[in-house]
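> Supplied structure: upload_38.cif, mmCIF, C-alpha atoms.
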```cif
data_model
#
loop_
_atom_site.label_atom_id
_atom_site.label_comp_id
_atom_site.auth_asym_id
_atom_site.auth_seq_id
_atom_site.Cartn_x
_atom_site.Cartn_y
_atom_site.Cartn_z
CA MET A 1 0.00 0.00 0.00
CA THR A 2 1.32 3.44 -0.95
CA ARG A 3 1.64 5.72 2.03
CA THR A 4 -0.31 8.93 2.26
CA VAL A 5 1.92 11.83 3.29
CA TYR A 6 1.29 15.47 4.11
CA VAL A 7 3.05 18.28 2.25
CA ASN A 8 2.15 21.93 2.72
CA GLY A 9 -1.57 21.51 3.23
CA GLU A 10 -2.12 18.50 0.96
CA TYR A 11 -2.51 14.79 1.64
CA LEU A 12 -0.75 13.00 -1.20
CA PRO A 13 0.49 9.54 -2.22
CA GLU A 14 4.18 9.44 -1.31
CA THR A 15 5.06 8.97 -4.98
CA GLU A 16 3.56 12.37 -5.80
CA ALA A 17 5.13 14.35 -2.94
CA LYS A 18 7.63 17.01 -4.04
CA ILE A 19 9.78 19.67 -2.34
CA SER A 20 11.63 22.53 -4.03
CA ILE A 21 15.37 22.14 -4.63
CA PHE A 22 15.67 25.58 -3.01
CA ASP A 23 14.19 24.44 0.29
CA ARG A 24 16.39 25.71 3.12
CA ALA A 25 16.53 22.30 4.85
CA PHE A 26 17.99 20.79 1.67
CA LEU A 27 20.52 23.60 1.16
CA MET A 28 21.31 24.68 4.73
CA GLY A 29 19.95 22.06 7.12
CA ASP A 30 17.61 24.88 8.14
CA GLY A 31 14.79 22.84 9.58
CA VAL A 32 13.51 21.16 12.73
CA TYR A 33 11.74 17.87 13.27
CA GLU A 34 9.92 15.68 15.75
CA VAL A 35 9.11 11.97 15.83
CA THR A 36 6.04 10.85 17.74
CA SER A 37 5.47 7.16 18.44
CA VAL A 38 2.14 5.44 17.89
CA LEU A 39 0.90 2.58 20.07
CA GLY A 40 -2.54 1.09 19.64
CA GLY A 41 -3.28 3.68 16.97
CA LYS A 42 -2.73 6.55 19.43
CA LEU A 43 0.00 9.15 19.78
CA ILE A 44 2.50 8.90 22.64
CA ASP A 45 3.64 12.09 24.42
CA PHE A 46 2.27 14.35 21.68
CA ASP A 47 2.00 17.37 23.97
CA GLY A 48 5.66 17.07 24.96
CA HIS A 49 6.75 16.87 21.33
CA ALA A 50 4.56 19.87 20.47
CA VAL A 51 6.11 21.97 23.24
CA ARG A 52 9.64 21.03 22.17
CA LEU A 53 8.80 21.77 18.53
CA GLU A 54 7.61 25.24 19.51
CA ARG A 55 10.83 25.80 21.45
CA SER A 56 12.99 24.67 18.50
CA LEU A 57 11.14 27.04 16.16
CA ASN A 58 11.55 29.92 18.60
CA GLU A 59 15.28 29.26 19.09
CA LEU A 60 15.81 29.46 15.32
CA ASP A 61 13.48 32.47 14.86
CA MET A 62 11.44 30.33 12.49
CA PRO A 63 7.74 31.08 11.85
CA HIS A 64 5.14 28.79 13.37
CA PRO A 65 3.20 27.40 10.40
CA MET A 66 0.03 26.38 12.24
CA ALA A 67 -1.63 25.93 15.62
CA MET A 68 -0.73 22.80 17.56
CA ASP A 69 -4.30 21.50 17.54
CA GLU A 70 -4.23 21.60 13.73
CA LEU A 71 -0.93 19.74 13.77
CA LEU A 72 -2.48 17.13 16.06
CA GLU A 73 -5.31 16.56 13.60
CA ILE A 74 -2.84 16.03 10.76
CA HIS A 75 -1.00 13.44 12.87
CA ARG A 76 -4.26 11.65 13.63
CA GLU A 77 -5.40 11.69 10.01
CA LEU A 78 -2.14 10.17 8.79
CA VAL A 79 -2.30 7.46 11.46
CA LYS A 80 -5.85 6.70 10.37
CA VAL A 81 -5.43 6.65 6.58
CA ASN A 82 -2.16 4.68 6.78
CA GLU A 83 -3.66 2.24 9.30
CA ILE A 84 -0.82 2.59 11.79
CA ASP A 85 -1.28 0.53 14.93
CA GLU A 86 2.35 0.66 16.05
CA GLY A 87 4.85 2.97 14.42
CA MET A 88 5.85 6.59 14.19
CA VAL A 89 4.87 9.93 12.71
CA TYR A 90 7.74 12.05 11.41
CA LEU A 91 7.23 15.82 11.23
CA GLN A 92 9.62 18.30 9.60
CA ILE A 93 9.27 22.07 9.38
CA THR A 94 11.75 24.15 7.40
CA ARG A 95 12.21 27.87 6.80
CA GLY A 96 10.83 27.30 3.33
CA ALA A 97 11.96 27.65 -0.27
CA PRO A 98 12.79 31.28 -1.17
CA GLY A 99 13.52 30.50 -4.83
CA ASP A 100 17.30 30.83 -4.69
CA ARG A 101 20.21 30.07 -2.37
CA ASP A 102 21.28 32.67 0.19
CA PHE A 103 22.81 32.50 3.68
CA VAL A 104 20.52 35.31 4.85
CA TYR A 105 17.10 34.23 6.12
CA PRO A 106 14.31 34.90 3.61
CA ASP A 107 11.52 37.33 4.44
CA PRO A 108 8.93 35.31 6.40
CA GLU A 109 6.17 37.42 4.86
CA THR A 110 6.96 36.09 1.38
CA CYS A 111 8.60 32.74 2.16
CA LYS A 112 6.32 30.40 4.05
CA PRO A 113 7.58 27.39 6.03
CA THR A 114 7.60 23.95 4.46
CA VAL A 115 5.63 21.39 6.49
CA VAL A 116 6.04 17.66 5.83
CA LEU A 117 4.68 14.67 7.74
CA PHE A 118 4.82 10.95 7.03
CA THR A 119 4.25 7.73 8.95
CA GLN A 120 6.43 4.67 9.48
CA ASN A 121 4.71 1.37 10.18
CA LYS A 122 6.56 -0.63 12.89
CA PRO A 123 4.55 -3.68 13.99
CA GLY A 124 5.77 -5.02 17.32
CA LEU A 125 7.50 -1.75 18.22
CA ALA A 126 6.64 -1.99 21.92
CA GLU A 127 7.57 -5.66 22.23
CA ALA A 128 10.98 -5.36 20.59
CA VAL A 129 13.58 -5.42 23.36
CA LYS A 130 16.99 -5.47 21.68
CA PRO A 131 19.88 -5.29 24.16
CA MET A 132 22.44 -2.85 22.82
CA LYS A 133 26.20 -2.84 22.51
CA ILE A 134 27.68 0.62 22.28
CA ILE A 135 31.02 2.23 21.60
CA SER A 136 32.24 5.67 22.64
CA ILE A 137 33.26 8.32 20.11
CA GLU A 138 34.21 11.98 20.23
CA ASP A 139 31.26 14.40 20.14
CA GLN A 140 31.89 16.63 17.12
CA ARG A 141 28.41 18.09 16.66
CA TRP A 142 27.53 21.77 16.70
CA GLY A 143 26.95 23.42 20.07
CA ARG A 144 23.12 23.66 20.08
CA ARG A 145 22.12 20.02 20.47
CA ASP A 146 19.09 21.18 22.48
CA ILE A 147 17.44 22.34 19.24
CA LYS A 148 16.05 19.35 17.34
CA THR A 149 17.35 20.29 13.90
CA THR A 150 17.70 18.24 10.74
CA GLN A 151 21.50 18.55 10.97
CA LEU A 152 22.07 14.84 11.55
CA LEU A 153 25.21 14.07 9.54
CA TYR A 154 27.53 13.43 12.48
CA PRO A 155 24.99 11.27 14.34
CA SER A 156 24.67 9.25 11.12
CA MET A 157 28.45 8.96 10.95
CA GLY A 158 28.44 7.82 14.59
CA LYS A 159 25.95 5.07 13.89
CA MET A 160 28.08 3.90 10.99
CA MET A 161 31.19 3.88 13.23
CA ALA A 162 29.27 1.67 15.64
CA LYS A 163 28.09 -0.64 12.87
CA LYS A 164 31.63 -1.07 11.55
CA ALA A 165 32.78 -1.90 15.10
CA GLY A 166 30.11 -4.58 15.44
CA ALA A 167 28.06 -2.49 17.88
CA ASP A 168 24.55 -1.07 17.80
CA ASP A 169 25.15 2.59 18.62
CA ALA A 170 27.63 5.11 19.96
CA TRP A 171 27.70 7.35 23.02
CA LEU A 172 29.26 10.73 22.35
CA VAL A 173 32.00 12.07 24.61
CA MET A 174 32.93 15.76 25.04
CA ASP A 175 35.74 16.94 27.33
CA GLY A 176 35.89 13.47 28.86
CA PHE A 177 32.18 13.20 29.68
CA VAL A 178 29.29 11.47 27.95
CA THR A 179 26.76 13.80 26.39
CA GLU A 180 24.24 11.38 24.85
CA GLY A 181 23.77 8.72 22.20
CA THR A 182 23.60 9.46 18.49
CA SER A 183 19.80 9.68 18.63
CA ASN A 184 18.96 9.06 22.28
CA ASN A 185 19.71 10.03 25.86
CA ALA A 186 22.19 7.93 27.87
CA TYR A 187 21.99 6.57 31.44
CA PHE A 188 23.57 4.13 33.84
CA ILE A 189 22.30 2.59 37.07
CA LYS A 190 24.43 1.95 40.15
CA GLY A 191 22.59 0.45 43.06
CA ASN A 192 19.24 2.26 43.18
CA LYS A 193 20.56 5.42 41.49
CA ILE A 194 20.06 6.48 37.87
CA VAL A 195 22.76 8.81 36.54
CA THR A 196 22.30 10.88 33.38
CA ARG A 197 23.67 14.17 32.08
CA ALA A 198 21.82 17.31 33.18
CA LEU A 199 19.86 19.38 30.67
CA SER A 200 21.79 22.09 28.84
CA ASN A 201 22.59 23.12 25.28
CA ASP A 202 24.86 20.05 25.13
CA ILE A 203 22.07 17.48 24.84
CA LEU A 204 18.60 17.12 23.41
CA HIS A 205 15.88 17.67 26.00
CA GLY A 206 14.33 14.27 25.46
CA ILE A 207 10.57 13.92 25.83
CA THR A 208 10.92 10.25 26.74
CA ARG A 209 13.78 11.22 29.08
CA ALA A 210 11.51 13.54 31.06
CA ALA A 211 8.78 10.92 31.40
CA VAL A 212 11.14 8.10 32.37
CA LEU A 213 12.89 10.16 35.06
CA ARG A 214 9.52 11.16 36.48
CA PHE A 215 8.37 7.54 36.60
CA ALA A 216 11.69 6.48 38.14
CA LYS A 217 11.27 8.96 41.00
CA GLU A 218 7.70 7.77 41.53
CA ALA A 219 9.10 4.22 41.75
CA GLN A 220 11.41 5.39 44.58
CA MET A 221 14.56 5.35 42.48
CA GLU A 222 17.14 8.07 43.03
CA VAL A 223 17.98 10.24 40.02
CA GLU A 224 21.25 12.15 39.74
CA GLU A 225 21.68 14.52 36.79
CA ARG A 226 25.39 15.21 36.30
CA ASN A 227 28.34 14.65 34.02
CA PHE A 228 29.71 11.11 33.94
CA THR A 229 32.51 9.30 32.17
CA ILE A 230 32.55 6.18 30.03
CA ASP A 231 34.66 4.47 32.71
CA GLU A 232 31.93 5.16 35.31
CA ALA A 233 29.34 3.66 32.99
CA LYS A 234 31.49 0.56 32.43
CA GLU A 235 31.42 -0.09 36.18
CA ALA A 236 27.65 0.31 36.44
CA ASP A 237 25.14 -2.40 37.30
CA GLU A 238 22.97 -1.49 34.32
CA ALA A 239 22.78 1.04 31.50
CA PHE A 240 20.11 2.10 29.05
CA ILE A 241 19.00 4.66 26.50
CA THR A 242 15.71 6.44 25.93
CA SER A 243 14.13 7.87 22.80
CA ALA A 244 10.71 8.21 21.22
CA SER A 245 11.34 5.25 18.93
CA THR A 246 13.07 2.87 21.38
CA PHE A 247 11.31 3.93 24.62
CA VAL A 248 13.66 2.43 27.24
CA MET A 249 16.28 0.12 25.76
CA PRO A 250 18.90 -1.78 27.79
CA VAL A 251 22.62 -1.38 27.09
CA VAL A 252 24.57 -4.56 27.87
CA GLU A 253 28.05 -3.66 26.60
CA ILE A 254 30.14 -0.46 26.53
CA ASP A 255 33.40 -0.43 24.57
CA GLY A 256 33.64 -4.20 24.85
CA VAL A 257 32.92 -4.34 28.59
CA ALA A 258 29.83 -6.36 29.50
CA LEU A 259 27.37 -5.00 32.06
CA GLY A 260 25.33 -7.28 34.30
CA GLY A 261 26.71 -10.40 32.71
CA GLY A 262 25.69 -9.13 29.29
CA THR A 263 21.95 -9.37 29.95
CA PRO A 264 19.34 -6.59 30.38
CA GLY A 265 19.02 -5.34 33.94
CA ALA A 266 15.87 -5.82 36.00
CA ARG A 267 15.50 -2.12 36.83
CA THR A 268 15.86 -1.12 33.18
CA LEU A 269 13.22 -3.61 32.09
CA ARG A 270 10.92 -2.44 34.86
CA LEU A 271 11.33 1.20 33.78
CA ARG A 272 10.48 0.18 30.22
CA GLU A 273 7.38 -1.64 31.44
CA ILE A 274 6.25 1.34 33.52
CA TYR A 275 6.89 3.80 30.70
CA LEU A 276 4.91 1.76 28.18
CA ASP A 277 2.02 1.15 30.56
CA GLU A 278 1.72 4.80 31.59
CA SER A 279 2.22 6.09 28.05
CA ARG A 280 -0.52 3.89 26.69
CA LYS A 281 -2.89 5.22 29.35
CA ALA A 282 -2.11 8.83 28.42
CA ALA A 283 -1.99 8.35 24.63
CA ILE A 284 -4.29 10.50 22.50
#
```
Mind turning this structure into structure tokens?

Amino acid sequence: MTRTVYVNGEYLPETEAKISIFDRAFLMGDGVYEVTSVLGGKLIDFDGHAVRLERSLNELDMPHPMAMDELLEIHRELVKVNEIDEGMVYLQITRGAPGDRDFVYPDPETCKPTVVLFTQNKPGLAEAVKPMKIISIEDQRWGRRDIKTTQLLYPSMGKMMAKKAGADDAWLVMDGFVTEGTSNNAYFIKGNKIVTRALSNDILHGITRAAVLRFAKEAQMEVEERNFTIDEAKEADEAFITSASTFVMPVVEIDGVALGGGTPGARTLRLREIYLDESRKAAI
């Protein structure tokens, strides 16, 4: 079945969707995005993604193309017409296509944002627990990782470095401390304490991260937000990542060092269970 996608006010078959070669995201990486998971045909954490999207647009002085309730309806329509039970909705907003290439921002009165949405069908998304092996690499991204932009070349390079090393992903290290994964937030557990880097411009303010830390505190786990090293993580009882597409995923090996005997930790699996249960209840 051909997917139906959304492009600038129109629902189209994916084969008919077109974007200008002068679009700023294509030429400059001048765009932001969000990915919202779908479970049971409903959207997970949509409000959180909407708030972060608004923040990203504001940080880049990019026009808001529509109200969030309209954006919600587009998400729901795509989930419905593409018959998505478990999967994701990808949203991208760019500064638009001014008709030629220029480093200077185009006039927002004459150059309207480009808005694109499409779905990805992922049956079994919530059931897929895939213990991860990670490597550490230098963090060479730009300094505003808190803005969810389409500038994803180095994270893609990082994933390829991991693949070539026989691992599943990479954790990025800056000035000796872990920032995050290539497309996820990073954590380790020692005893009853979860350690993860504090929010700043250095990491993405993960929507799943916020929910998982809240649920962890409610489950009487201690949370410490601070810088940590790869060596600290190697000595942990457990480790995991969070993202909208993986939820809570156990990490069982860091730079060749096995954690917990190389099997997913009980606390990590419990956090995943809690997150999925609570998210399903709150889905819209």
> Let me make sure I understand: among A:Ile21, A:Ala236, A:Val129, A:Leu172, which one has the smallest atom-to-atom distance to Arg141 (chain A) if we use only C-alpha atoms?
A:Leu172
> Please enumerate the residues selected by the PyMOL selection byres ((chain A and resi 60) around 12) when evaluated against the supplied file, formatted as a list in words.
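After applying the PyMOL selection byres ((chain A and resi 60) around 12), what remains is Gly29, Asp30, Gly31, Val32, Leu53, Glu54, Arg55, Ser56, Leu57, Asn58, Glu59, Asp61, Met62, Pro63, His64, Ile93, Thr94, Arg95, Tyr105, Arg144, Asp146, Ile147, Lys148 and Thr149 of chain A.
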> Given the choices A:Thr150, A:Ser136, A:Asn184, A:Thr208, which gets closest to Lys234 (chain A) if the distance is worked out from all atoms listed in the file?
A:Ser136
> With the PyMOL selection byres ((chain A and resi 175) around 12) as the selection, what would be picked from this file? Answer as a list in words, please.
Ile137, Glu138, Asp139, Gln140, Leu172, Val173, Met174, Gly176, Phe177, Val178, Thr179, Asp202, Asn227, Phe228, Thr229 and Ile230 of chain A
> Could you tell me which residues the PyMOL selection byres ((chain A and resi 242-258) around 9) grabs in this file, written as a tab-separated table (two decimals) with C-alpha atoms, keeping the file's coordinate frame?

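As a result, expr.tsv now contains:
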```tsv
chain	number	residue	atom	x	y	z
A	35	VAL	CA	9.11	11.97	15.83
A	36	THR	CA	6.04	10.85	17.74
A	37	SER	CA	5.47	7.16	18.44
A	44	ILE	CA	2.50	8.90	22.64
A	45	ASP	CA	3.64	12.09	24.42
A	87	GLY	CA	4.85	2.97	14.42
A	88	MET	CA	5.85	6.59	14.19
A	125	LEU	CA	7.50	-1.75	18.22
A	126	ALA	CA	6.64	-1.99	21.92
A	128	ALA	CA	10.98	-5.36	20.59
A	129	VAL	CA	13.58	-5.42	23.36
A	130	LYS	CA	16.99	-5.47	21.68
A	131	PRO	CA	19.88	-5.29	24.16
A	132	MET	CA	22.44	-2.85	22.82
A	133	LYS	CA	26.20	-2.84	22.51
A	134	ILE	CA	27.68	0.62	22.28
A	135	ILE	CA	31.02	2.23	21.60
A	136	SER	CA	32.24	5.67	22.64
A	167	ALA	CA	28.06	-2.49	17.88
A	170	ALA	CA	27.63	5.11	19.96
A	171	TRP	CA	27.70	7.35	23.02
A	183	SER	CA	19.80	9.68	18.63
A	184	ASN	CA	18.96	9.06	22.28
A	185	ASN	CA	19.71	10.03	25.86
A	186	ALA	CA	22.19	7.93	27.87
A	187	TYR	CA	21.99	6.57	31.44
A	188	PHE	CA	23.57	4.13	33.84
A	206	GLY	CA	14.33	14.27	25.46
A	207	ILE	CA	10.57	13.92	25.83
A	208	THR	CA	10.92	10.25	26.74
A	209	ARG	CA	13.78	11.22	29.08
A	212	VAL	CA	11.14	8.10	32.37
A	230	ILE	CA	32.55	6.18	30.03
A	233	ALA	CA	29.34	3.66	32.99
A	234	LYS	CA	31.49	0.56	32.43
A	235	GLU	CA	31.42	-0.09	36.18
A	238	GLU	CA	22.97	-1.49	34.32
A	239	ALA	CA	22.78	1.04	31.50
A	240	PHE	CA	20.11	2.10	29.05
A	241	ILE	CA	19.00	4.66	26.50
A	259	LEU	CA	27.37	-5.00	32.06
A	260	GLY	CA	25.33	-7.28	34.30
A	261	GLY	CA	26.71	-10.40	32.71
A	262	GLY	CA	25.69	-9.13	29.29
A	263	THR	CA	21.95	-9.37	29.95
A	264	PRO	CA	19.34	-6.59	30.38
A	265	GLY	CA	19.02	-5.34	33.94
A	268	THR	CA	15.86	-1.12	33.18
A	269	LEU	CA	13.22	-3.61	32.09
A	271	LEU	CA	11.33	1.20	33.78
A	272	ARG	CA	10.48	0.18	30.22
A	273	GLU	CA	7.38	-1.64	31.44
A	275	TYR	CA	6.89	3.80	30.70
A	276	LEU	CA	4.91	1.76	28.18
```
> Using only C-alpha atoms, which residue out of A:Thr182, A:Gln220, A:Ser156, A:Asn121 lies closest to Gly41 (chain A)?
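Distance minimum relative to Gly41 (chain A) lands on A:Asn121.
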> Please tell me which residues are no farther than 10 Å from (0.5, 5.1, 28.0) in the file, counting all atoms listed in the file, and write them as a list in words.
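Residues close enough to count: Leu39, Gly40, Lys42, Leu43, Ile44, Asp45, Ile274, Tyr275, Leu276, Asp277, Glu278, Ser279, Arg280, Lys281, Ala282, Ala283 and Ile284 of chain A.
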> Closest to Glu77 (chain A) among A:Glu225, A:Glu10, A:Glu180, A:Asp168, using all atoms listed in the file?
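Selected residue with least distance to Glu77 (chain A): A:Glu10.
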> Taking into account all atoms listed in the file, which residue in the set A:Ile203, A:Ala162, A:Glu218, A:Ile189 is nearest to Ala266 (chain A)?
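Once distances to Ala266 (chain A) are computed over all atoms listed in the file, the minimum belongs to A:Ile189.
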> What separation in Å, quoted to one decimal, exists between CA of Val115 (chain A) and CA of Glu16 (chain A)?
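Distance reported for this atom pair: 15.4 Å.
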> What does the distance between CA of Val89 (chain A) and CA of Lys112 (chain A) come to in Å, to one decimal place?
22.3 Å
> As an exercise, work out the distance from CA of Leu213 (chain A) to CA of Phe46 (chain A) in Å and give it to one decimal place.
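Spanning CA of Leu213 (chain A) to CA of Phe46 (chain A) is a straight-line distance of 17.6 Å.
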